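Visitor: Structure file query11.cif (mmCIF, C-alpha atoms) is given on the next line.
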data_data
#
loop_
_atom_site.group_PDB
_atom_site.id
_atom_site.type_symbol
_atom_site.label_atom_id
_atom_site.label_comp_id
_atom_site.auth_asym_id
_atom_site.auth_seq_id
_atom_site.Cartn_x
_atom_site.Cartn_y
_atom_site.Cartn_z
ATOM 1 C CA MET Q 1 -4.991 14.822 0.516
ATOM 2 C CA GLU Q 2 -6.387 11.606 -0.932
ATOM 3 C CA LYS Q 3 -8.959 10.350 1.581
ATOM 4 C CA ALA Q 4 -10.478 11.549 4.836
ATOM 5 C CA ILE Q 5 -13.452 10.910 7.088
ATOM 6 C CA ILE Q 6 -15.085 12.336 10.216
ATOM 7 C CA GLY Q 7 -15.516 10.096 13.227
ATOM 8 C CA LYS Q 8 -16.244 9.882 16.934
ATOM 9 C CA LYS Q 9 -13.775 8.583 19.495
ATOM 10 C CA ILE Q 10 -15.303 5.626 21.335
ATOM 11 C CA GLY Q 11 -12.412 4.785 23.661
ATOM 12 C CA MET Q 12 -9.328 2.616 23.989
ATOM 13 C CA THR Q 13 -8.924 -1.138 24.187
ATOM 14 C CA GLN Q 14 -6.400 -3.754 23.130
ATOM 15 C CA ILE Q 15 -6.304 -6.558 20.581
ATOM 16 C CA PHE Q 16 -3.934 -9.419 19.909
ATOM 17 C CA ALA Q 17 -1.856 -9.374 16.751
ATOM 18 C CA SER Q 18 -1.180 -12.479 14.674
ATOM 19 C CA ASP Q 19 2.153 -12.986 16.468
ATOM 20 C CA GLY Q 20 0.441 -12.896 19.885
ATOM 21 C CA LYS Q 21 1.573 -9.405 20.872
ATOM 22 C CA VAL Q 22 -0.901 -7.071 22.569
ATOM 23 C CA VAL Q 23 -1.603 -3.923 20.535
ATOM 24 C CA PRO Q 24 -3.228 -0.898 22.266
ATOM 25 C CA VAL Q 25 -5.817 0.642 19.939
ATOM 26 C CA THR Q 26 -8.277 3.514 19.904
ATOM 27 C CA VAL Q 27 -11.731 2.694 18.540
ATOM 28 C CA VAL Q 28 -13.186 5.357 16.240
ATOM 29 C CA GLU Q 29 -16.721 5.290 14.850
ATOM 30 C CA ALA Q 30 -15.829 6.603 11.393
ATOM 31 C CA GLY Q 31 -18.775 7.669 9.267
ATOM 32 C CA PRO Q 32 -20.826 7.076 7.333
ATOM 33 C CA CYS Q 33 -20.366 10.653 6.106
ATOM 34 C CA THR Q 34 -22.482 12.319 3.428
ATOM 35 C CA VAL Q 35 -21.222 14.703 0.763
ATOM 36 C CA VAL Q 36 -23.342 17.831 1.348
ATOM 37 C CA GLN Q 37 -21.573 20.336 -0.909
ATOM 38 C CA LYS Q 38 -19.191 20.251 -3.838
ATOM 39 C CA LYS Q 39 -16.921 23.148 -4.782
ATOM 40 C CA SER Q 40 -15.559 23.515 -8.291
ATOM 41 C CA LEU Q 41 -12.684 25.331 -9.921
ATOM 42 C CA ASP Q 42 -15.031 27.511 -11.960
ATOM 43 C CA ASN Q 43 -17.250 28.722 -9.119
ATOM 44 C CA ASP Q 44 -14.909 28.708 -6.122
ATOM 45 C CA GLY Q 45 -11.384 28.720 -7.524
ATOM 46 C CA TYR Q 46 -10.531 25.278 -6.155
ATOM 47 C CA GLU Q 47 -11.976 21.794 -5.922
ATOM 48 C CA SER Q 48 -13.166 20.321 -2.633
ATOM 49 C CA VAL Q 49 -16.064 18.520 -1.006
ATOM 50 C CA GLN Q 50 -17.865 19.307 2.226
ATOM 51 C CA ILE Q 51 -18.954 16.237 4.148
ATOM 52 C CA GLY Q 52 -21.280 15.941 7.124
ATOM 53 C CA PHE Q 53 -21.437 13.527 10.049
ATOM 54 C CA THR Q 54 -24.332 12.798 12.444
ATOM 55 C CA ASN Q 55 -27.850 14.038 11.691
ATOM 56 C CA LEU Q 56 -28.879 17.278 13.344
ATOM 57 C CA LYS Q 57 -31.886 17.272 15.651
ATOM 58 C CA GLU Q 58 -34.960 19.133 14.438
ATOM 59 C CA LYS Q 59 -34.893 21.637 17.305
ATOM 60 C CA HIS Q 60 -31.350 22.695 16.398
ATOM 61 C CA ILE Q 61 -32.076 23.460 12.730
ATOM 62 C CA THR Q 62 -32.016 27.213 12.091
ATOM 63 C CA LYS Q 63 -33.092 28.990 8.908
ATOM 64 C CA PRO Q 64 -29.505 29.478 7.607
ATOM 65 C CA ILE Q 65 -28.692 25.818 8.249
ATOM 66 C CA LYS Q 66 -31.943 24.708 6.611
ATOM 67 C CA GLY Q 67 -31.227 26.882 3.561
ATOM 68 C CA HIS Q 68 -27.724 25.460 3.194
ATOM 69 C CA PHE Q 69 -28.936 21.859 3.154
ATOM 70 C CA ASP Q 70 -32.081 22.577 1.093
ATOM 71 C CA LYS Q 71 -29.857 23.658 -1.803
ATOM 72 C CA THR Q 72 -28.370 20.186 -2.013
ATOM 73 C CA GLY Q 73 -31.378 18.215 -0.828
ATOM 74 C CA THR Q 74 -29.479 16.421 1.948
ATOM 75 C CA ALA Q 75 -30.393 15.958 5.594
ATOM 76 C CA PRO Q 76 -28.911 18.572 7.980
ATOM 77 C CA LYS Q 77 -25.710 17.359 9.605
ATOM 78 C CA ARG Q 78 -24.279 18.345 12.953
ATOM 79 C CA PHE Q 79 -20.582 18.280 12.033
ATOM 80 C CA LEU Q 80 -19.197 19.592 8.758
ATOM 81 C CA ARG Q 81 -15.649 19.426 7.385
ATOM 82 C CA GLU Q 82 -14.217 20.399 4.020
ATOM 83 C CA PHE Q 83 -11.533 18.346 2.283
ATOM 84 C CA ARG Q 84 -9.538 18.760 -0.907
ATOM 85 C CA LEU Q 85 -9.564 15.177 -2.099
ATOM 86 C CA ASN Q 86 -7.877 13.921 -5.234
ATOM 87 C CA ASP Q 87 -11.090 12.372 -6.543
ATOM 88 C CA CYS Q 88 -13.429 15.308 -5.893
ATOM 89 C CA ALA Q 89 -14.700 15.095 -9.474
ATOM 90 C CA ALA Q 90 -15.819 11.507 -8.911
ATOM 91 C CA LEU Q 91 -17.897 12.384 -5.840
ATOM 92 C CA ASN Q 92 -21.397 13.809 -6.063
ATOM 93 C CA VAL Q 93 -23.683 15.459 -3.522
ATOM 94 C CA GLY Q 94 -25.459 12.757 -1.540
ATOM 95 C CA ASP Q 95 -22.689 10.165 -1.879
ATOM 96 C CA GLU Q 96 -21.613 8.351 1.279
ATOM 97 C CA ILE Q 97 -18.041 8.005 2.465
ATOM 98 C CA LYS Q 98 -17.548 4.991 4.716
ATOM 99 C CA CYS Q 99 -14.683 3.721 6.826
ATOM 100 C CA ASP Q 100 -13.744 1.140 4.212
ATOM 101 C CA VAL Q 101 -11.908 3.870 2.280
ATOM 102 C CA PHE Q 102 -9.106 2.935 4.674
ATOM 103 C CA ALA Q 103 -7.463 -0.470 4.874
ATOM 104 C CA GLU Q 104 -5.393 -2.343 7.406
ATOM 105 C CA ALA Q 105 -1.792 -1.127 7.748
ATOM 106 C CA ASP Q 106 -2.671 2.305 6.290
ATOM 107 C CA LYS Q 107 -0.834 5.245 7.828
ATOM 108 C CA VAL Q 108 -3.175 8.020 8.984
ATOM 109 C CA ASP Q 109 -3.143 11.391 10.714
ATOM 110 C CA VAL Q 110 -5.794 12.016 13.375
ATOM 111 C CA ILE Q 111 -6.954 15.551 14.229
ATOM 112 C CA GLY Q 112 -8.950 16.269 17.371
ATOM 113 C CA ILE Q 113 -9.531 18.718 20.202
ATOM 114 C CA SER Q 114 -7.483 17.903 23.301
ATOM 115 C CA LYS Q 115 -9.059 17.446 26.712
ATOM 116 C CA GLY Q 116 -9.667 20.609 28.740
ATOM 117 C CA LYS Q 117 -7.599 20.911 31.925
ATOM 118 C CA GLY Q 118 -9.042 24.186 33.186
ATOM 119 C CA PHE Q 119 -6.849 26.888 34.763
ATOM 120 C CA ALA Q 120 -3.331 25.548 35.315
ATOM 121 C CA GLY Q 121 -0.052 26.884 36.636
ATOM 122 C CA THR Q 122 3.241 26.998 34.795
ATOM 123 C CA VAL Q 123 4.582 23.737 36.273
ATOM 124 C CA LYS Q 124 1.652 21.736 34.918
ATOM 125 C CA ARG Q 125 1.040 23.816 31.806
ATOM 126 C CA PHE Q 126 4.613 24.207 30.536
ATOM 127 C CA ARG Q 127 6.553 21.762 32.760
ATOM 128 C CA THR Q 128 8.722 24.533 34.191
ATOM 129 C CA HIS Q 129 11.054 23.816 37.099
ATOM 130 C CA ARG Q 130 9.822 24.497 40.617
ATOM 131 C CA GLY Q 131 11.706 26.405 43.287
ATOM 132 C CA PRO Q 132 13.371 24.966 46.412
ATOM 133 C CA MET Q 133 10.939 23.133 48.671
ATOM 134 C CA ALA Q 134 12.765 23.886 51.941
ATOM 135 C CA HIS Q 135 10.979 25.736 54.738
ATOM 136 C CA GLY Q 136 13.079 28.834 54.285
ATOM 137 C CA SER Q 137 12.178 29.232 50.643
ATOM 138 C CA GLY Q 138 9.330 31.589 49.870
ATOM 139 C CA TYR Q 139 9.101 30.469 46.255
ATOM 140 C CA HIS Q 140 7.840 27.063 45.143
ATOM 141 C CA ARG Q 141 5.638 26.866 42.034
ATOM 142 C CA GLY Q 142 5.606 30.454 40.791
ATOM 143 C CA PRO Q 143 6.028 31.570 37.164
ATOM 144 C CA GLY Q 144 9.553 32.912 37.680
ATOM 145 C CA SER Q 145 11.121 36.310 37.131
ATOM 146 C CA MET Q 146 8.936 38.869 35.376
ATOM 147 C CA GLY Q 147 11.886 40.584 33.686
ATOM 148 C CA ALA Q 148 14.348 43.432 34.199
ATOM 149 C CA CYS Q 149 13.563 46.627 36.097
ATOM 150 C CA SER Q 150 14.152 49.651 33.863
ATOM 151 C CA THR Q 151 15.038 47.871 30.629
ATOM 152 C CA PRO Q 152 12.773 46.907 28.925
ATOM 153 C CA SER Q 153 10.342 47.935 31.713
ATOM 154 C CA ARG Q 154 7.768 45.362 30.616
ATOM 155 C CA VAL Q 155 7.117 41.641 30.529
ATOM 156 C CA LEU Q 156 8.361 40.214 27.245
ATOM 157 C CA LYS Q 157 5.942 38.470 24.922
ATOM 158 C CA GLY Q 158 5.901 34.686 25.223
ATOM 159 C CA LYS Q 159 6.423 34.667 28.991
ATOM 160 C CA LYS Q 160 5.136 31.353 30.364
ATOM 161 C CA LEU Q 161 2.338 32.249 32.768
ATOM 162 C CA PRO Q 162 -0.606 30.440 34.363
ATOM 163 C CA GLY Q 163 -3.740 30.220 32.236
ATOM 164 C CA HIS Q 164 -6.239 28.005 30.457
ATOM 165 C CA MET Q 165 -4.838 24.602 29.488
ATOM 166 C CA GLY Q 166 -6.154 22.182 26.892
ATOM 167 C CA VAL Q 167 -8.979 22.434 24.318
ATOM 168 C CA ASP Q 168 -6.404 22.861 21.531
ATOM 169 C CA ARG Q 169 -6.467 21.461 18.016
ATOM 170 C CA VAL Q 170 -3.972 18.583 18.055
ATOM 171 C CA THR Q 171 -2.764 16.487 15.128
ATOM 172 C CA VAL Q 172 -1.090 13.112 15.732
ATOM 173 C CA LEU Q 173 0.896 11.951 12.718
ATOM 174 C CA ASN Q 174 1.614 8.549 11.201
ATOM 175 C CA LEU Q 175 -0.651 6.278 13.213
ATOM 176 C CA GLU Q 176 -1.431 2.824 11.888
ATOM 177 C CA VAL Q 177 -4.857 1.405 11.111
ATOM 178 C CA VAL Q 178 -4.870 -2.017 12.764
ATOM 179 C CA LYS Q 179 -8.353 -3.159 11.780
ATOM 180 C CA VAL Q 180 -11.337 -1.950 9.737
ATOM 181 C CA ASP Q 181 -14.841 -3.118 10.706
ATOM 182 C CA ALA Q 182 -16.988 -1.950 7.791
ATOM 183 C CA GLU Q 183 -20.185 -3.512 9.170
ATOM 184 C CA ARG Q 184 -20.079 -1.448 12.355
ATOM 185 C CA ASN Q 185 -18.258 1.569 10.836
ATOM 186 C CA LEU Q 186 -15.299 1.181 13.173
ATOM 187 C CA LEU Q 187 -11.613 1.961 12.737
ATOM 188 C CA LEU Q 188 -9.100 0.517 15.198
ATOM 189 C CA ILE Q 189 -6.083 2.812 15.245
ATOM 190 C CA LYS Q 190 -2.874 1.900 17.028
ATOM 191 C CA GLY Q 191 -2.020 4.198 19.937
ATOM 192 C CA ALA Q 192 -3.772 7.176 21.495
ATOM 193 C CA ILE Q 193 -5.544 10.027 19.730
ATOM 194 C CA PRO Q 194 -6.532 13.480 21.046
ATOM 195 C CA GLY Q 195 -9.736 14.263 22.863
ATOM 196 C CA PRO Q 196 -12.178 12.702 25.324
ATOM 197 C CA LYS Q 197 -14.519 9.785 24.705
ATOM 198 C CA GLY Q 198 -17.246 10.961 22.384
ATOM 199 C CA GLY Q 199 -15.044 13.663 20.888
ATOM 200 C CA ILE Q 200 -15.168 14.353 17.157
ATOM 201 C CA VAL Q 201 -11.994 13.572 15.215
ATOM 202 C CA THR Q 202 -10.864 13.753 11.601
ATOM 203 C CA VAL Q 203 -8.969 10.815 10.143
ATOM 204 C CA ARG Q 204 -6.996 11.425 6.956
ATOM 205 C CA ASN Q 205 -4.258 9.628 5.103
ATOM 206 C CA ALA Q 206 -0.797 10.493 6.443
ATOM 207 C CA ILE Q 207 0.790 13.424 4.624
ATOM 208 C CA LYS Q 208 4.324 12.772 5.953
ATOM 209 C CA ALA Q 209 4.439 8.982 5.741
#
As structure tokens, please, write out the structure in this file.
Guide:
Amino acid sequence: MEKAIIGKKIGMTQIFASDGKVVPVTVVEAGPCTVVQKKSLDNDGYESVQIGFTNLKEKHITKPIKGHFDKTGTAPKRFLREFRLNDCAALNVGDEIKCDVFAEADKVDVIGISKGKGFAGTVKRFRTHRGPMAHGSGYHRGPGSMGACSTPSRVLKGKKLPGHMGVDRVTVLNLEVVKVDAERNLLLIKGAIPGPKGGIVTVRNAIKA
């Protein structure tokens, strides 16, 4: 991984490209993020940096959190992520990572938490086929057969059943950065990204580009 940043999803809009085509984009408030911890090969067995985003309110600072940030002398952050960057040695505690680490036309992966859908049935959750909708049918949107009678005398693992839907970690690969607004810390990324408005996302350079 070469570069990464934490951001907040603002919402979707559209911009016009140089050829006049409309491009749907998601606006992400990316950074500024502060390096709050640095891990080394000697002490931890690998090199990485921990970065923080958004200052934590005073009432939410506990003793363990205060102790963690007092070691480095940085302000407590609400969201923390750890990255194994190529230039970890060049970064120091207290350095800021801004959205201008990315440039227009860069390919990125965006990681976020998908929207929660609550309790859902199998048709909505797994897109299973429904039963006949005629009046004589007593089966419409059920989960389907529960399995054989005597063998194996149980419901097999992996059976698609109703349950909680959403709130999953989702990674969308190979999205394109359309515009970088360094003054307002904004990234305009082509297409949709996971999560609701205000959701926290991680933007990194594409690993499969």
Visitor: Give me the residues near His129 (chain Q) as a ChimeraX atom specification, where near means some atom within 9 Å (using all atoms listed in the file) and where sequence neighbours in that chain fewer than 5 positions away do not count.
Guide: /Q:122-123,141
Visitor: Starting from the PyMOL selection byres ((chain Q and resi 97-114) around 9), expand the selection into actual residues of this file and give them as a PyMOL selection string.
Guide: chain Q and resi 3-5+29-35+51+95-96+115-116+166-182+185-187+189+193-196+199-209
Visitor: Restricting the calculation to all atoms listed in the file: of Q:Leu80, Q:Ala89, Q:Ile10, Q:Val155, which residue gets closest to Leu188 (chain Q)?
Guide: Q:Ile10
Visitor: List the spatial neighbours of Leu91 (chain Q) as a PyMOL selection string - criterion: any atom at most 12 Å away, all atoms listed in the file, same-chain residues fewer than 6 positions off excluded.
Guide: chain Q and resi 3+34-40+47-51+83-85+97
Visitor: By how many Å are CA of Ala192 (chain Q) and CA of Thr26 (chain Q) apart?
Guide: 6.0 Å
Visitor: Give, as AutoDock Vina command-line options, the centre coordinates and the x, y and z edge lengths in Å to one decimal for an axis-aligned box around all listed atoms of region 143-146 of chain Q, padded by 3 Å on each side.
Guide:
--center_x 8.6 --center_y 35.2 --center_z 36.5 --size_x 11.1 --size_y 13.3 --size_z 8.3
Visitor: List as an NGL selection string the protein and nucleic acid residues near Asn55 (chain Q), meaning an atom at most 9 Å away when only C-alpha atoms are counted, but skip any in the same chain fewer than 2 places from it.
Guide: :Q and (52-53 or 57 or 75-79)
Visitor: What would the selection look like, as a list in words, if the PyMOL selection byres ((chain Q and resi 146) around 12) were run on the coordinates I just shared?
Guide: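 Output of the PyMOL selection byres ((chain Q and resi 146) around 12): Gly142, Pro143, Gly144, Ser145, Gly147, Ala148, Cys149, Thr151, Pro152, Ser153, Arg154, Val155, Leu156, Lys157, Gly158, Lys159, Lys160 and Leu161 of chain Q.
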Visitor: Mind telling me what the PyMOL selection byres ((chain Q and resi 14) around 8) catches here, as a list in words?
Guide: Met12, Thr13, Ile15, Phe16, Val22, Val23, Pro24 and Val25 of chain Q
Visitor: Include C-alpha atoms and write out the residues we just selected as a PDB file, in the frame of the given file.
Guide:
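Wrote selection-v3.pdb, looks like this:
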ATOM      1  CA  MET Q  12      -9.328   2.616  23.989  1.00  0.00           C
ATOM      2  CA  THR Q  13      -8.924  -1.138  24.187  1.00  0.00           C
ATOM      3  CA  ILE Q  15      -6.304  -6.558  20.581  1.00  0.00           C
ATOM      4  CA  PHE Q  16      -3.934  -9.419  19.909  1.00  0.00           C
ATOM      5  CA  VAL Q  22      -0.901  -7.071  22.569  1.00  0.00           C
ATOM      6  CA  VAL Q  23      -1.603  -3.923  20.535  1.00  0.00           C
ATOM      7  CA  PRO Q  24      -3.228  -0.898  22.266  1.00  0.00           C
ATOM      8  CA  VAL Q  25      -5.817   0.642  19.939  1.00  0.00           C
TER       9      VAL Q  25
END
Visitor: Nearest residue to Gly11 (chain Q) out of Q:Arg130, Q:Lys197, Q:Arg125, Q:His164, using all atoms listed in the file?
Guide: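 Result for the nearest residue to Gly11 (chain Q): Q:Lys197.
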Visitor: Hey, can you check how far CA of Leu41 (chain Q) sits from CA of Lys66 (chain Q)?
Guide: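 Value for the CA of Leu41 (chain Q)-CA of Lys66 (chain Q) distance: 25.4 Å.
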Visitor: Identify the residues around (-28.2, 18.2, -1.0) within a radius of 7 Å, measuring from only C-alpha atoms in the coordinates stated by the file, and give them as a list of chain:residue names.
Guide: Q:Val36, Q:Gln37, Q:Phe69, Q:Asp70, Q:Lys71, Q:Thr72, Q:Gly73, Q:Thr74, Q:Val93, Q:Gly94
Visitor: Please indicate the distance in Å from CA of Gly138 (chain Q) to CA of Lys117 (chain Q), rounded to one decimal place.
Guide: 26.9 Å
Visitor: Would you mind exporting region 91-109 of chain Q with N, CA, C and O atoms, as a PDB file, in the first residue's frame?
Guide:
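As a result, part27.pdb now contains:
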ATOM      1  N   LEU Q  91       7.646   9.437   7.402  1.00  0.00           N
ATOM      2  CA  LEU Q  91       6.612  10.097   8.198  1.00  0.00           C
ATOM      3  C   LEU Q  91       6.992  10.094   9.671  1.00  0.00           C
ATOM      4  O   LEU Q  91       7.590   9.134  10.175  1.00  0.00           O
ATOM      5  N   ASN Q  92       6.628  11.150  10.354  1.00  0.00           N
ATOM      6  CA  ASN Q  92       6.893  11.268  11.787  1.00  0.00           C
ATOM      7  C   ASN Q  92       5.588  11.552  12.520  1.00  0.00           C
ATOM      8  O   ASN Q  92       4.605  12.033  11.922  1.00  0.00           O
ATOM      9  N   VAL Q  93       5.569  11.261  13.814  1.00  0.00           N
ATOM     10  CA  VAL Q  93       4.387  11.530  14.626  1.00  0.00           C
ATOM     11  C   VAL Q  93       4.098  13.023  14.609  1.00  0.00           C
ATOM     12  O   VAL Q  93       4.994  13.852  14.808  1.00  0.00           O
ATOM     13  N   GLY Q  94       2.851  13.374  14.346  1.00  0.00           N
ATOM     14  CA  GLY Q  94       2.454  14.770  14.255  1.00  0.00           C
ATOM     15  C   GLY Q  94       2.332  15.276  12.837  1.00  0.00           C
ATOM     16  O   GLY Q  94       1.736  16.345  12.610  1.00  0.00           O
ATOM     17  N   ASP Q  95       2.880  14.541  11.867  1.00  0.00           N
ATOM     18  CA  ASP Q  95       2.755  14.952  10.462  1.00  0.00           C
ATOM     19  C   ASP Q  95       1.309  14.841   9.996  1.00  0.00           C
ATOM     20  O   ASP Q  95       0.548  13.993  10.473  1.00  0.00           O
ATOM     21  N   GLU Q  96       0.947  15.700   9.057  1.00  0.00           N
ATOM     22  CA  GLU Q  96      -0.413  15.692   8.504  1.00  0.00           C
ATOM     23  C   GLU Q  96      -0.421  15.062   7.122  1.00  0.00           C
ATOM     24  O   GLU Q  96       0.484  15.299   6.312  1.00  0.00           O
ATOM     25  N   ILE Q  97      -1.439  14.254   6.887  1.00  0.00           N
ATOM     26  CA  ILE Q  97      -1.665  13.667   5.569  1.00  0.00           C
ATOM     27  C   ILE Q  97      -2.925  14.320   5.010  1.00  0.00           C
ATOM     28  O   ILE Q  97      -3.995  14.229   5.618  1.00  0.00           O
ATOM     29  N   LYS Q  98      -2.790  14.966   3.866  1.00  0.00           N
ATOM     30  CA  LYS Q  98      -3.908  15.684   3.269  1.00  0.00           C
ATOM     31  C   LYS Q  98      -4.354  15.006   1.980  1.00  0.00           C
ATOM     32  O   LYS Q  98      -3.678  14.107   1.463  1.00  0.00           O
ATOM     33  N   CYS Q  99      -5.477  15.480   1.456  1.00  0.00           N
ATOM     34  CA  CYS Q  99      -6.065  14.836   0.284  1.00  0.00           C
ATOM     35  C   CYS Q  99      -5.211  15.013  -0.964  1.00  0.00           C
ATOM     36  O   CYS Q  99      -5.411  14.287  -1.947  1.00  0.00           O
ATOM     37  N   ASP Q 100      -4.265  15.942  -0.928  1.00  0.00           N
ATOM     38  CA  ASP Q 100      -3.455  16.155  -2.129  1.00  0.00           C
ATOM     39  C   ASP Q 100      -2.414  15.058  -2.356  1.00  0.00           C
ATOM     40  O   ASP Q 100      -1.611  15.150  -3.289  1.00  0.00           O
ATOM     41  N   VAL Q 101      -2.410  14.026  -1.480  1.00  0.00           N
ATOM     42  CA  VAL Q 101      -1.573  12.854  -1.785  1.00  0.00           C
ATOM     43  C   VAL Q 101      -2.122  12.118  -3.007  1.00  0.00           C
ATOM     44  O   VAL Q 101      -1.400  11.362  -3.661  1.00  0.00           O
ATOM     45  N   PHE Q 102      -3.406  12.357  -3.301  1.00  0.00           N
ATOM     46  CA  PHE Q 102      -4.015  11.795  -4.502  1.00  0.00           C
ATOM     47  C   PHE Q 102      -4.079  12.873  -5.582  1.00  0.00           C
ATOM     48  O   PHE Q 102      -4.108  14.067  -5.287  1.00  0.00           O
ATOM     49  N   ALA Q 103      -4.147  12.421  -6.819  1.00  0.00           N
ATOM     50  CA  ALA Q 103      -4.227  13.334  -7.954  1.00  0.00           C
ATOM     51  C   ALA Q 103      -5.358  12.905  -8.872  1.00  0.00           C
ATOM     52  O   ALA Q 103      -5.884  11.785  -8.747  1.00  0.00           O
ATOM     53  N   GLU Q 104      -5.739  13.793  -9.757  1.00  0.00           N
ATOM     54  CA  GLU Q 104      -6.787  13.466 -10.716  1.00  0.00           C
ATOM     55  C   GLU Q 104      -6.393  12.273 -11.578  1.00  0.00           C
ATOM     56  O   GLU Q 104      -5.222  12.115 -11.933  1.00  0.00           O
ATOM     57  N   ALA Q 105      -7.375  11.428 -11.861  1.00  0.00           N
ATOM     58  CA  ALA Q 105      -7.204  10.217 -12.674  1.00  0.00           C
ATOM     59  C   ALA Q 105      -6.557   9.074 -11.899  1.00  0.00           C
ATOM     60  O   ALA Q 105      -6.325   8.008 -12.480  1.00  0.00           O
ATOM     61  N   ASP Q 106      -6.264   9.261 -10.599  1.00  0.00           N
ATOM     62  CA  ASP Q 106      -5.748   8.143  -9.800  1.00  0.00           C
ATOM     63  C   ASP Q 106      -6.834   7.087  -9.625  1.00  0.00           C
ATOM     64  O   ASP Q 106      -8.024   7.404  -9.501  1.00  0.00           O
ATOM     65  N   LYS Q 107      -6.431   5.839  -9.579  1.00  0.00           N
ATOM     66  CA  LYS Q 107      -7.337   4.739  -9.283  1.00  0.00           C
ATOM     67  C   LYS Q 107      -7.264   4.433  -7.782  1.00  0.00           C
ATOM     68  O   LYS Q 107      -6.169   4.278  -7.231  1.00  0.00           O
ATOM     69  N   VAL Q 108      -8.426   4.355  -7.138  1.00  0.00           N
ATOM     70  CA  VAL Q 108      -8.464   4.153  -5.691  1.00  0.00           C
ATOM     71  C   VAL Q 108      -9.460   3.055  -5.330  1.00  0.00           C
ATOM     72  O   VAL Q 108     -10.373   2.741  -6.098  1.00  0.00           O
ATOM     73  N   ASP Q 109      -9.246   2.485  -4.136  1.00  0.00           N
ATOM     74  CA  ASP Q 109     -10.213   1.590  -3.517  1.00  0.00           C
ATOM     75  C   ASP Q 109     -10.822   2.328  -2.334  1.00  0.00           C
ATOM     76  O   ASP Q 109     -10.106   3.000  -1.578  1.00  0.00           O
TER      77      ASP Q 109
END
